[in-house]
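What follows is my_file_12.cif (mmCIF, N, CA and C atoms).
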```cif
data_input
loop_
_atom_site.label_atom_id
_atom_site.label_comp_id
_atom_site.auth_asym_id
_atom_site.auth_seq_id
_atom_site.Cartn_x
_atom_site.Cartn_y
_atom_site.Cartn_z
N MET L 1 13.66 16.02 -12.66
CA MET L 1 12.96 15.16 -11.71
C MET L 1 13.33 15.60 -10.30
N ALA L 2 12.35 15.77 -9.47
CA ALA L 2 12.60 16.16 -8.09
C ALA L 2 13.07 14.95 -7.29
N ALA L 3 13.87 15.21 -6.29
CA ALA L 3 14.37 14.13 -5.43
C ALA L 3 13.24 13.62 -4.55
N ARG L 4 13.33 12.37 -4.18
CA ARG L 4 12.39 11.79 -3.22
C ARG L 4 13.20 10.88 -2.31
N ASN L 5 12.65 10.58 -1.18
CA ASN L 5 13.32 9.71 -0.22
C ASN L 5 12.87 8.28 -0.41
N ILE L 6 13.80 7.35 -0.25
CA ILE L 6 13.47 5.94 -0.13
C ILE L 6 14.01 5.47 1.21
N TRP L 7 13.34 4.52 1.81
CA TRP L 7 13.71 4.02 3.13
C TRP L 7 14.27 2.61 3.01
N HIS L 8 15.38 2.37 3.69
CA HIS L 8 15.96 1.03 3.78
C HIS L 8 15.49 0.44 5.10
N LEU L 9 14.82 -0.70 5.02
CA LEU L 9 14.19 -1.33 6.17
C LEU L 9 14.72 -2.75 6.35
N LYS L 10 14.71 -3.20 7.60
CA LYS L 10 15.13 -4.58 7.89
C LYS L 10 14.12 -5.18 8.87
N TRP L 11 13.62 -6.35 8.53
CA TRP L 11 12.65 -7.04 9.39
C TRP L 11 12.91 -8.53 9.30
N GLU L 12 13.06 -9.16 10.46
CA GLU L 12 13.33 -10.59 10.57
C GLU L 12 14.47 -11.03 9.64
N GLY L 13 15.56 -10.25 9.64
CA GLY L 13 16.74 -10.60 8.88
C GLY L 13 16.66 -10.31 7.38
N GLN L 14 15.53 -9.81 6.92
CA GLN L 14 15.33 -9.53 5.49
C GLN L 14 15.43 -8.02 5.25
N ASP L 15 16.17 -7.63 4.21
CA ASP L 15 16.28 -6.22 3.83
C ASP L 15 15.22 -5.88 2.80
N TYR L 16 14.60 -4.71 2.99
CA TYR L 16 13.58 -4.21 2.08
C TYR L 16 13.89 -2.75 1.76
N THR L 17 13.36 -2.28 0.64
CA THR L 17 13.45 -0.87 0.30
C THR L 17 12.04 -0.36 0.05
N PHE L 18 11.67 0.69 0.78
CA PHE L 18 10.35 1.30 0.58
C PHE L 18 10.53 2.56 -0.26
N ASP L 19 9.83 2.60 -1.38
CA ASP L 19 9.84 3.75 -2.28
C ASP L 19 8.42 4.31 -2.28
N PRO L 20 8.25 5.62 -2.12
CA PRO L 20 6.90 6.20 -2.15
C PRO L 20 6.09 5.86 -3.40
N GLU L 21 6.77 5.48 -4.49
CA GLU L 21 6.04 5.07 -5.69
C GLU L 21 5.23 3.79 -5.46
N MET L 22 5.50 3.10 -4.34
CA MET L 22 4.73 1.91 -3.99
C MET L 22 3.37 2.26 -3.39
N LEU L 23 3.13 3.54 -3.12
CA LEU L 23 1.87 3.98 -2.51
C LEU L 23 0.79 4.11 -3.58
N LEU L 24 0.25 2.99 -3.97
CA LEU L 24 -0.82 2.96 -4.95
C LEU L 24 -2.13 3.40 -4.30
N VAL L 25 -3.05 3.87 -5.11
CA VAL L 25 -4.33 4.38 -4.59
C VAL L 25 -5.05 3.32 -3.76
N GLY L 26 -5.11 2.10 -4.25
CA GLY L 26 -5.79 1.03 -3.52
C GLY L 26 -5.18 0.79 -2.14
N ARG L 27 -3.86 0.81 -2.08
CA ARG L 27 -3.17 0.62 -0.80
C ARG L 27 -3.45 1.79 0.13
N MET L 28 -3.40 3.01 -0.41
CA MET L 28 -3.64 4.19 0.43
C MET L 28 -5.08 4.22 0.94
N ARG L 29 -6.02 3.74 0.15
CA ARG L 29 -7.41 3.69 0.62
C ARG L 29 -7.55 2.72 1.81
N LYS L 30 -6.84 1.59 1.73
CA LYS L 30 -6.86 0.65 2.86
C LYS L 30 -6.21 1.29 4.09
N ILE L 31 -5.05 1.92 3.89
CA ILE L 31 -4.36 2.56 5.00
C ILE L 31 -5.24 3.64 5.62
N LYS L 32 -5.96 4.37 4.80
CA LYS L 32 -6.86 5.43 5.30
C LYS L 32 -7.98 4.83 6.16
N ARG L 33 -8.46 3.66 5.80
CA ARG L 33 -9.49 2.99 6.63
C ARG L 33 -8.90 2.51 7.94
N TRP L 34 -7.68 1.95 7.90
CA TRP L 34 -7.05 1.43 9.10
C TRP L 34 -6.55 2.54 10.02
N PHE L 35 -5.90 3.54 9.44
CA PHE L 35 -5.26 4.62 10.20
C PHE L 35 -5.57 5.96 9.52
N PRO L 36 -6.74 6.55 9.80
CA PRO L 36 -7.17 7.76 9.09
C PRO L 36 -6.15 8.92 9.12
N ASP L 37 -5.39 9.04 10.19
CA ASP L 37 -4.44 10.16 10.30
C ASP L 37 -3.29 10.08 9.30
N ILE L 38 -3.00 8.89 8.78
CA ILE L 38 -1.89 8.77 7.82
C ILE L 38 -2.38 8.29 6.45
N GLY L 39 -3.65 8.44 6.19
CA GLY L 39 -4.24 7.94 4.96
C GLY L 39 -4.10 8.84 3.75
N ARG L 40 -3.39 9.92 3.87
CA ARG L 40 -3.09 10.78 2.73
C ARG L 40 -1.59 10.68 2.43
N TYR L 41 -1.24 10.81 1.17
CA TYR L 41 0.15 10.62 0.74
C TYR L 41 1.13 11.43 1.59
N SER L 42 0.92 12.74 1.67
CA SER L 42 1.89 13.57 2.40
C SER L 42 1.89 13.25 3.89
N SER L 43 0.74 12.92 4.45
CA SER L 43 0.67 12.55 5.87
C SER L 43 1.43 11.25 6.12
N PHE L 44 1.30 10.31 5.20
CA PHE L 44 1.99 9.03 5.35
C PHE L 44 3.50 9.22 5.29
N ILE L 45 3.97 9.98 4.29
CA ILE L 45 5.42 10.20 4.14
C ILE L 45 5.98 10.91 5.37
N LEU L 46 5.27 11.93 5.85
CA LEU L 46 5.71 12.65 7.04
C LEU L 46 5.74 11.71 8.25
N ALA L 47 4.69 10.94 8.42
CA ALA L 47 4.62 10.02 9.56
C ALA L 47 5.76 8.99 9.50
N LEU L 48 6.02 8.45 8.30
CA LEU L 48 7.10 7.47 8.17
C LEU L 48 8.45 8.12 8.48
N SER L 49 8.64 9.34 8.01
CA SER L 49 9.92 10.02 8.26
C SER L 49 10.12 10.35 9.73
N GLN L 50 9.01 10.43 10.49
CA GLN L 50 9.09 10.69 11.92
C GLN L 50 9.09 9.42 12.76
N GLY L 51 9.10 8.26 12.11
CA GLY L 51 9.15 6.99 12.83
C GLY L 51 7.82 6.56 13.42
N ASP L 52 6.72 7.01 12.85
CA ASP L 52 5.39 6.64 13.35
C ASP L 52 5.21 5.13 13.25
N PRO L 53 4.78 4.48 14.34
CA PRO L 53 4.67 3.02 14.31
C PRO L 53 3.62 2.51 13.33
N ASP L 54 2.50 3.21 13.17
CA ASP L 54 1.48 2.77 12.22
C ASP L 54 2.00 2.89 10.78
N ALA L 55 2.71 3.97 10.49
CA ALA L 55 3.29 4.13 9.15
C ALA L 55 4.35 3.05 8.90
N ALA L 56 5.14 2.72 9.93
CA ALA L 56 6.16 1.68 9.78
C ALA L 56 5.51 0.33 9.47
N LEU L 57 4.43 0.01 10.18
CA LEU L 57 3.71 -1.24 9.92
C LEU L 57 3.15 -1.27 8.51
N CYS L 58 2.59 -0.15 8.06
CA CYS L 58 2.03 -0.09 6.71
C CYS L 58 3.13 -0.19 5.66
N ALA L 59 4.27 0.46 5.89
CA ALA L 59 5.39 0.35 4.96
C ALA L 59 5.87 -1.10 4.88
N LEU L 60 5.93 -1.77 6.02
CA LEU L 60 6.33 -3.18 6.04
C LEU L 60 5.32 -4.03 5.27
N TRP L 61 4.06 -3.78 5.46
CA TRP L 61 3.00 -4.48 4.74
C TRP L 61 3.19 -4.31 3.23
N ILE L 62 3.47 -3.08 2.81
CA ILE L 62 3.64 -2.78 1.38
C ILE L 62 4.89 -3.47 0.81
N VAL L 63 6.04 -3.33 1.49
CA VAL L 63 7.27 -3.90 0.92
C VAL L 63 7.23 -5.43 0.89
N ARG L 64 6.57 -6.02 1.84
CA ARG L 64 6.46 -7.48 1.83
C ARG L 64 5.58 -7.95 0.67
N MET L 65 4.51 -7.21 0.39
CA MET L 65 3.67 -7.55 -0.77
C MET L 65 4.44 -7.33 -2.06
N GLU L 66 5.20 -6.22 -2.13
CA GLU L 66 6.01 -5.93 -3.32
C GLU L 66 7.06 -7.02 -3.54
N ALA L 67 7.55 -7.61 -2.47
CA ALA L 67 8.56 -8.67 -2.57
C ALA L 67 7.95 -10.01 -2.98
N GLY L 68 6.63 -10.05 -3.12
CA GLY L 68 5.96 -11.26 -3.55
C GLY L 68 5.68 -12.26 -2.45
N GLU L 69 5.80 -11.82 -1.20
CA GLU L 69 5.51 -12.74 -0.09
C GLU L 69 4.02 -13.08 -0.09
N LYS L 70 3.72 -14.29 0.28
CA LYS L 70 2.34 -14.77 0.33
C LYS L 70 1.77 -14.59 1.74
N ASN L 71 0.49 -14.37 1.82
CA ASN L 71 -0.25 -14.26 3.08
C ASN L 71 0.35 -13.22 4.04
N VAL L 72 0.65 -12.04 3.52
CA VAL L 72 1.18 -10.96 4.36
C VAL L 72 0.04 -10.46 5.25
N PRO L 73 0.23 -10.49 6.57
CA PRO L 73 -0.84 -10.02 7.45
C PRO L 73 -1.03 -8.51 7.34
N GLU L 74 -2.25 -8.07 7.62
CA GLU L 74 -2.52 -6.64 7.66
C GLU L 74 -1.72 -6.03 8.82
N PRO L 75 -1.43 -4.74 8.76
CA PRO L 75 -0.58 -4.11 9.78
C PRO L 75 -1.01 -4.36 11.23
N GLU L 76 -2.31 -4.35 11.51
CA GLU L 76 -2.76 -4.54 12.90
C GLU L 76 -2.50 -5.94 13.41
N ARG L 77 -2.23 -6.88 12.50
CA ARG L 77 -2.03 -8.28 12.90
C ARG L 77 -0.55 -8.68 12.89
N MET L 78 0.33 -7.74 12.62
CA MET L 78 1.76 -8.04 12.59
C MET L 78 2.32 -8.08 14.01
N PRO L 79 3.35 -8.89 14.21
CA PRO L 79 3.95 -8.96 15.55
C PRO L 79 4.70 -7.66 15.88
N ASP L 80 4.91 -7.45 17.15
CA ASP L 80 5.64 -6.27 17.63
C ASP L 80 7.11 -6.39 17.24
N PHE L 81 7.76 -5.25 17.00
CA PHE L 81 9.18 -5.25 16.67
C PHE L 81 9.78 -3.90 17.03
N SER L 82 11.09 -3.83 17.06
CA SER L 82 11.82 -2.61 17.42
C SER L 82 11.93 -1.69 16.21
N LEU L 83 11.45 -0.46 16.34
CA LEU L 83 11.58 0.50 15.25
C LEU L 83 13.05 0.86 15.01
N GLY L 84 13.85 0.86 16.09
CA GLY L 84 15.27 1.15 15.94
C GLY L 84 15.98 0.13 15.06
N ASP L 85 15.58 -1.13 15.16
CA ASP L 85 16.16 -2.18 14.32
C ASP L 85 15.57 -2.18 12.91
N PHE L 86 14.37 -1.62 12.77
CA PHE L 86 13.63 -1.65 11.51
C PHE L 86 14.16 -0.64 10.50
N PHE L 87 14.39 0.60 10.94
CA PHE L 87 14.84 1.66 10.04
C PHE L 87 16.35 1.58 9.87
N HIS L 88 16.80 1.38 8.63
CA HIS L 88 18.22 1.27 8.35
C HIS L 88 18.72 2.36 7.43
N GLY L 89 18.03 3.47 7.37
CA GLY L 89 18.52 4.60 6.59
C GLY L 89 17.50 5.12 5.60
N VAL L 90 17.66 6.38 5.29
CA VAL L 90 16.83 7.06 4.30
C VAL L 90 17.79 7.62 3.26
N GLU L 91 17.41 7.51 2.01
CA GLU L 91 18.27 7.98 0.93
C GLU L 91 17.44 8.86 -0.01
N ALA L 92 17.98 10.02 -0.36
CA ALA L 92 17.34 10.90 -1.34
C ALA L 92 17.79 10.47 -2.72
N ILE L 93 16.84 10.23 -3.61
CA ILE L 93 17.19 9.85 -4.98
C ILE L 93 16.48 10.77 -5.95
N GLY L 94 17.01 10.88 -7.12
CA GLY L 94 16.44 11.70 -8.17
C GLY L 94 17.54 12.14 -9.11
N GLU L 95 17.19 12.50 -10.33
CA GLU L 95 18.20 12.88 -11.32
C GLU L 95 19.07 14.03 -10.85
N ASP L 96 18.45 15.07 -10.31
CA ASP L 96 19.20 16.26 -9.91
C ASP L 96 20.00 16.05 -8.64
N ASP L 97 19.53 15.19 -7.75
CA ASP L 97 20.12 15.06 -6.43
C ASP L 97 20.69 13.68 -6.16
N ALA L 98 21.04 12.92 -7.18
CA ALA L 98 21.50 11.55 -6.98
C ALA L 98 22.73 11.48 -6.10
N GLU L 99 23.60 12.48 -6.16
CA GLU L 99 24.81 12.48 -5.37
C GLU L 99 24.68 13.29 -4.09
N ALA L 100 23.57 13.97 -3.89
CA ALA L 100 23.42 14.90 -2.77
C ALA L 100 23.17 14.15 -1.46
N ASP L 101 23.74 14.67 -0.39
CA ASP L 101 23.49 14.17 0.95
C ASP L 101 22.23 14.88 1.45
N PRO L 102 21.14 14.14 1.79
CA PRO L 102 19.90 14.80 2.19
C PRO L 102 20.02 15.61 3.48
N THR L 103 21.09 15.43 4.24
CA THR L 103 21.24 16.20 5.47
C THR L 103 22.04 17.47 5.26
N GLU L 104 22.64 17.65 4.08
CA GLU L 104 23.45 18.84 3.80
C GLU L 104 22.57 19.96 3.26
N PRO L 105 22.81 21.21 3.70
CA PRO L 105 22.07 22.32 3.11
C PRO L 105 22.54 22.54 1.68
N PRO L 106 21.70 23.16 0.83
CA PRO L 106 22.12 23.38 -0.55
C PRO L 106 23.35 24.28 -0.61
N ALA L 107 24.20 24.06 -1.59
CA ALA L 107 25.41 24.86 -1.75
C ALA L 107 25.04 26.29 -2.16
N GLU L 108 25.87 27.23 -1.73
CA GLU L 108 25.63 28.62 -2.10
C GLU L 108 25.98 28.82 -3.56
N THR L 109 25.25 29.74 -4.20
CA THR L 109 25.57 30.07 -5.58
C THR L 109 26.59 31.19 -5.60
N SER L 110 27.19 31.43 -6.76
CA SER L 110 28.21 32.47 -6.85
C SER L 110 27.61 33.85 -6.57
N GLU L 111 26.31 34.02 -6.81
CA GLU L 111 25.67 35.30 -6.53
C GLU L 111 25.68 35.63 -5.05
N THR L 112 25.51 34.64 -4.21
CA THR L 112 25.43 34.91 -2.77
C THR L 112 26.77 34.80 -2.08
N SER L 113 27.76 34.17 -2.72
CA SER L 113 29.01 33.96 -2.03
C SER L 113 30.12 34.93 -2.44
N VAL L 114 29.91 35.70 -3.50
CA VAL L 114 30.94 36.63 -3.97
C VAL L 114 30.38 38.04 -3.94
N SER L 115 31.10 38.95 -3.32
CA SER L 115 30.66 40.33 -3.26
C SER L 115 31.33 41.13 -4.38
N THR L 116 30.55 42.01 -5.01
CA THR L 116 31.10 42.86 -6.07
C THR L 116 31.32 44.28 -5.59
N GLU L 117 31.06 44.52 -4.31
CA GLU L 117 31.22 45.86 -3.76
C GLU L 117 32.69 46.12 -3.41
N THR L 118 33.09 47.40 -3.52
CA THR L 118 34.44 47.79 -3.11
C THR L 118 34.38 48.23 -1.66
N PRO L 119 35.40 47.87 -0.86
CA PRO L 119 35.37 48.25 0.55
C PRO L 119 35.47 49.77 0.69
N THR L 120 34.78 50.28 1.70
CA THR L 120 34.87 51.70 1.99
C THR L 120 36.08 51.94 2.88
N ASN L 121 36.43 53.21 3.10
CA ASN L 121 37.57 53.53 3.96
C ASN L 121 37.38 52.97 5.35
N SER L 122 36.17 53.01 5.87
CA SER L 122 35.94 52.52 7.23
C SER L 122 36.17 51.01 7.32
N GLU L 123 35.86 50.27 6.24
CA GLU L 123 36.09 48.83 6.25
C GLU L 123 37.57 48.52 6.18
N SER L 124 38.36 49.30 5.41
CA SER L 124 39.79 49.03 5.32
C SER L 124 40.51 49.47 6.58
N ASP L 125 39.92 50.39 7.36
CA ASP L 125 40.52 50.82 8.62
C ASP L 125 40.45 49.72 9.68
N ILE L 126 39.53 48.79 9.53
CA ILE L 126 39.36 47.73 10.52
C ILE L 126 40.62 46.87 10.60
N SER L 127 41.33 46.69 9.50
CA SER L 127 42.51 45.83 9.50
C SER L 127 43.72 46.53 10.15
N GLY L 128 43.58 47.78 10.49
CA GLY L 128 44.66 48.47 11.20
C GLY L 128 45.56 49.28 10.29
N SER L 129 45.23 49.52 8.99
CA SER L 129 46.09 50.31 8.12
C SER L 129 45.83 51.77 8.22
#
```
Represent the structure contained in this file as structure tokens.
Amino acid sequence: MAARNIWHLKWEGQDYTFDPEMLLVGRMRKIKRWFPDIGRYSSFILALSQGDPDAALCALWIVRMEAGEKNVPEPERMPDFSLGDFFHGVEAIGEDDAEADPTEPPAETSETSVSTETPTNSESDISGS
């Protein structure tokens, strides 16, 4: 299973988790009508990862509906809020990468980190022998 990002969000004192698996076709079709630039799955994920305000509003709309809240307003009708207070972290999850830090580069393999070549005379001369 490939890793995917989930977002930890906070709005009006309530913690939410946005998982891309919440992006159902019906929801994405509505988002595409409201905000055509982020109406495709990859565009939405990229926009959300870049802190796009329309994507943030749509993510909030989705997580509130997933939480079973009643009468959740559409994104354009939601009150203004601070994006800095809203985003509380992104986490990479997946079977292969459950322990991986998404900001760390992949570890080197033994093929790239170990040399099987023998030093030449010119290389051993560098140490001063």
Checklist entry - Closest to Ala56 of chain L among L:Leu83, L:Gly68, L:Arg27, L:Val90, using only N, CA and C atoms? => result L:Leu83
Checklist entry - Any chance you could work out the residue set of the PyMOL selection byres (((chain L and resi 73 and name CA) around 12) and name CA) here, as a ChimeraX atom specification? => result /L:57-58,60-62,64-65,69-72,74-79
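Between atom CA of Glu66 of chain L and atom CA of Ile31 of chain L the separation is 15.8 Å.
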Next on the checklist: On this structure, the PyMOL selection byres ((chain L and resi 20-24) around 7) would catch which residues? List them as a list in words, sorted by chain and number.
Outcome noted: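 Evaluating the PyMOL selection byres ((chain L and resi 20-24) around 7) on this file yields Asn5, Ile6, Trp7, Phe18, Asp19, Val25, Gly26, Arg27, Met28, Arg29 and Ile62 of chain L.
Across L:Arg33, L:Arg40, L:Ile45, L:Phe86, the tightest approach to Arg4 of chain L is made by L:Ile45 when counting only C-alpha atoms.
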Picked from segment 10-112 of chain L by DSSP as strand (DSSP E), as a PDB file with N, CA and C atoms, keeping the file's coordinate frame:
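Written file, selection-v4.pdb:
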```
ATOM      1  N   LYS L  10      14.710  -3.200   7.600  1.00  0.00           N
ATOM      2  CA  LYS L  10      15.130  -4.580   7.890  1.00  0.00           C
ATOM      3  C   LYS L  10      14.120  -5.180   8.870  1.00  0.00           C
ATOM      4  N   TRP L  11      13.620  -6.350   8.530  1.00  0.00           N
ATOM      5  CA  TRP L  11      12.650  -7.040   9.390  1.00  0.00           C
ATOM      6  C   TRP L  11      12.910  -8.530   9.300  1.00  0.00           C
ATOM      7  N   GLN L  14      15.530  -9.810   6.920  1.00  0.00           N
ATOM      8  CA  GLN L  14      15.330  -9.530   5.490  1.00  0.00           C
ATOM      9  C   GLN L  14      15.430  -8.020   5.250  1.00  0.00           C
ATOM     10  N   ASP L  15      16.170  -7.630   4.210  1.00  0.00           N
ATOM     11  CA  ASP L  15      16.280  -6.220   3.830  1.00  0.00           C
ATOM     12  C   ASP L  15      15.220  -5.880   2.800  1.00  0.00           C
ATOM     13  N   TYR L  16      14.600  -4.710   2.990  1.00  0.00           N
ATOM     14  CA  TYR L  16      13.580  -4.210   2.080  1.00  0.00           C
ATOM     15  C   TYR L  16      13.890  -2.750   1.760  1.00  0.00           C
ATOM     16  N   THR L  17      13.360  -2.280   0.640  1.00  0.00           N
ATOM     17  CA  THR L  17      13.450  -0.870   0.300  1.00  0.00           C
ATOM     18  C   THR L  17      12.040  -0.360   0.050  1.00  0.00           C
ATOM     19  N   PHE L  18      11.670   0.690   0.780  1.00  0.00           N
ATOM     20  CA  PHE L  18      10.350   1.300   0.580  1.00  0.00           C
ATOM     21  C   PHE L  18      10.530   2.560  -0.260  1.00  0.00           C
ATOM     22  N   PHE L  87      14.390   0.600  10.940  1.00  0.00           N
ATOM     23  CA  PHE L  87      14.840   1.660  10.040  1.00  0.00           C
ATOM     24  C   PHE L  87      16.350   1.580   9.870  1.00  0.00           C
ATOM     25  N   HIS L  88      16.800   1.380   8.630  1.00  0.00           N
ATOM     26  CA  HIS L  88      18.220   1.270   8.350  1.00  0.00           C
ATOM     27  C   HIS L  88      18.720   2.360   7.430  1.00  0.00           C
ATOM     28  N   GLY L  89      18.030   3.470   7.370  1.00  0.00           N
ATOM     29  CA  GLY L  89      18.520   4.600   6.590  1.00  0.00           C
ATOM     30  C   GLY L  89      17.500   5.120   5.600  1.00  0.00           C
ATOM     31  N   VAL L  90      17.660   6.380   5.290  1.00  0.00           N
ATOM     32  CA  VAL L  90      16.830   7.060   4.300  1.00  0.00           C
ATOM     33  C   VAL L  90      17.790   7.620   3.260  1.00  0.00           C
ATOM     34  N   GLU L  91      17.410   7.510   2.010  1.00  0.00           N
ATOM     35  CA  GLU L  91      18.270   7.980   0.930  1.00  0.00           C
ATOM     36  C   GLU L  91      17.440   8.860  -0.010  1.00  0.00           C
ATOM     37  N   ALA L  92      17.980  10.020  -0.360  1.00  0.00           N
ATOM     38  CA  ALA L  92      17.340  10.900  -1.340  1.00  0.00           C
ATOM     39  C   ALA L  92      17.790  10.470  -2.720  1.00  0.00           C
ATOM     40  N   ILE L  93      16.840  10.230  -3.610  1.00  0.00           N
ATOM     41  CA  ILE L  93      17.190   9.850  -4.980  1.00  0.00           C
ATOM     42  C   ILE L  93      16.480  10.770  -5.950  1.00  0.00           C
TER      43      ILE L  93
END
```
Item to check | Atom-to-atom span, atom C of Leu9 of chain L and atom N of Gly89 of chain L, Å | outcome: 7.1 Å
Item to check | d(atom CA of Glu91 of chain L, atom N of Asp37 of chain L) in Å | outcome: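 Atom N of Asp37 of chain L lies 25.4 Å from atom CA of Glu91 of chain L.
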Item to check | Nearest to Thr17 of chain L, chosen from L:Ala59, L:Ala92, L:Ser49, L:Tyr41, with only C-alpha atoms counted in the distances | outcome: L:Ala59
Next on the checklist: I need the residues in segment 49-104 of chain L that are alpha helix (DSSP H) according to DSSP; give them as number ranges by chain.
Outcome noted: L: 49, 53-66, 83-86
Just the selected residues (N, CA and C atoms), exported as a CSV table (one decimal), in the frame of the given file, please.
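Saved to again-v8.csv:
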```
chain,number,residue,atom,x,y,z
L,49,SER,N,8.6,9.3,8.0
L,49,SER,CA,9.9,10.0,8.3
L,49,SER,C,10.1,10.4,9.7
L,53,PRO,N,4.8,4.5,14.3
L,53,PRO,CA,4.7,3.0,14.3
L,53,PRO,C,3.6,2.5,13.3
L,54,ASP,N,2.5,3.2,13.2
L,54,ASP,CA,1.5,2.8,12.2
L,54,ASP,C,2.0,2.9,10.8
L,55,ALA,N,2.7,4.0,10.5
L,55,ALA,CA,3.3,4.1,9.2
L,55,ALA,C,4.4,3.0,8.9
L,56,ALA,N,5.1,2.7,9.9
L,56,ALA,CA,6.2,1.7,9.8
L,56,ALA,C,5.5,0.3,9.5
L,57,LEU,N,4.4,0.0,10.2
L,57,LEU,CA,3.7,-1.2,9.9
L,57,LEU,C,3.2,-1.3,8.5
L,58,CYS,N,2.6,-0.2,8.1
L,58,CYS,CA,2.0,-0.1,6.7
L,58,CYS,C,3.1,-0.2,5.7
L,59,ALA,N,4.3,0.5,5.9
L,59,ALA,CA,5.4,0.4,5.0
L,59,ALA,C,5.9,-1.1,4.9
L,60,LEU,N,5.9,-1.8,6.0
L,60,LEU,CA,6.3,-3.2,6.0
L,60,LEU,C,5.3,-4.0,5.3
L,61,TRP,N,4.1,-3.8,5.5
L,61,TRP,CA,3.0,-4.5,4.7
L,61,TRP,C,3.2,-4.3,3.2
L,62,ILE,N,3.5,-3.1,2.8
L,62,ILE,CA,3.6,-2.8,1.4
L,62,ILE,C,4.9,-3.5,0.8
L,63,VAL,N,6.0,-3.3,1.5
L,63,VAL,CA,7.3,-3.9,0.9
L,63,VAL,C,7.2,-5.4,0.9
L,64,ARG,N,6.6,-6.0,1.8
L,64,ARG,CA,6.5,-7.5,1.8
L,64,ARG,C,5.6,-8.0,0.7
L,65,MET,N,4.5,-7.2,0.4
L,65,MET,CA,3.7,-7.6,-0.8
L,65,MET,C,4.4,-7.3,-2.1
L,66,GLU,N,5.2,-6.2,-2.1
L,66,GLU,CA,6.0,-5.9,-3.3
L,66,GLU,C,7.1,-7.0,-3.5
L,83,LEU,N,11.4,-0.5,16.3
L,83,LEU,CA,11.6,0.5,15.2
L,83,LEU,C,13.0,0.9,15.0
L,84,GLY,N,13.8,0.9,16.1
L,84,GLY,CA,15.3,1.2,15.9
L,84,GLY,C,16.0,0.1,15.1
L,85,ASP,N,15.6,-1.1,15.2
L,85,ASP,CA,16.2,-2.2,14.3
L,85,ASP,C,15.6,-2.2,12.9
L,86,PHE,N,14.4,-1.6,12.8
L,86,PHE,CA,13.6,-1.6,11.5
L,86,PHE,C,14.2,-0.6,10.5
```
Next on the checklist: Please determine, counting only C-alpha atoms, which residue among L:Asp54, L:Ile38, L:Asp15, L:Leu48 has the shortest atom-to-atom distance to Asp80 of chain L.
Outcome noted: L:Asp54
What would segment 54-58 of chain L look like if you wrote it out as a compact mmCIF listing (two decimals), in the first residue's frame, with all heavy atoms included, from the block I just posted?
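Contents of the output file decode_37.txt:
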```
# COMPACT_ATOMS: atom_id res chain seq x y z
N ASP L 54 -9.53 27.94 -0.49
CA ASP L 54 -10.72 27.24 -1.00
C ASP L 54 -10.65 25.75 -0.66
O ASP L 54 -11.65 25.15 -0.27
CB ASP L 54 -10.87 27.45 -2.51
CG ASP L 54 -11.15 28.90 -2.87
OD1 ASP L 54 -11.74 29.62 -2.04
OD2 ASP L 54 -10.76 29.32 -3.97
N ALA L 55 -9.47 25.16 -0.81
CA ALA L 55 -9.30 23.74 -0.46
C ALA L 55 -9.51 23.54 1.04
O ALA L 55 -10.10 22.54 1.47
CB ALA L 55 -7.92 23.25 -0.89
N ALA L 56 -9.02 24.48 1.86
CA ALA L 56 -9.20 24.38 3.31
C ALA L 56 -10.69 24.43 3.67
O ALA L 56 -11.16 23.63 4.49
CB ALA L 56 -8.44 25.50 4.01
N LEU L 57 -11.43 25.34 3.04
CA LEU L 57 -12.87 25.42 3.29
C LEU L 57 -13.58 24.14 2.88
O LEU L 57 -14.45 23.64 3.60
CB LEU L 57 -13.48 26.61 2.54
CG LEU L 57 -13.17 27.99 3.11
CD1 LEU L 57 -13.55 29.08 2.12
CD2 LEU L 57 -13.90 28.18 4.44
N CYS L 58 -13.20 23.58 1.74
CA CYS L 58 -13.81 22.34 1.28
C CYS L 58 -13.46 21.17 2.19
O CYS L 58 -14.31 20.32 2.48
CB CYS L 58 -13.39 22.04 -0.17
SG CYS L 58 -14.09 23.21 -1.36
```
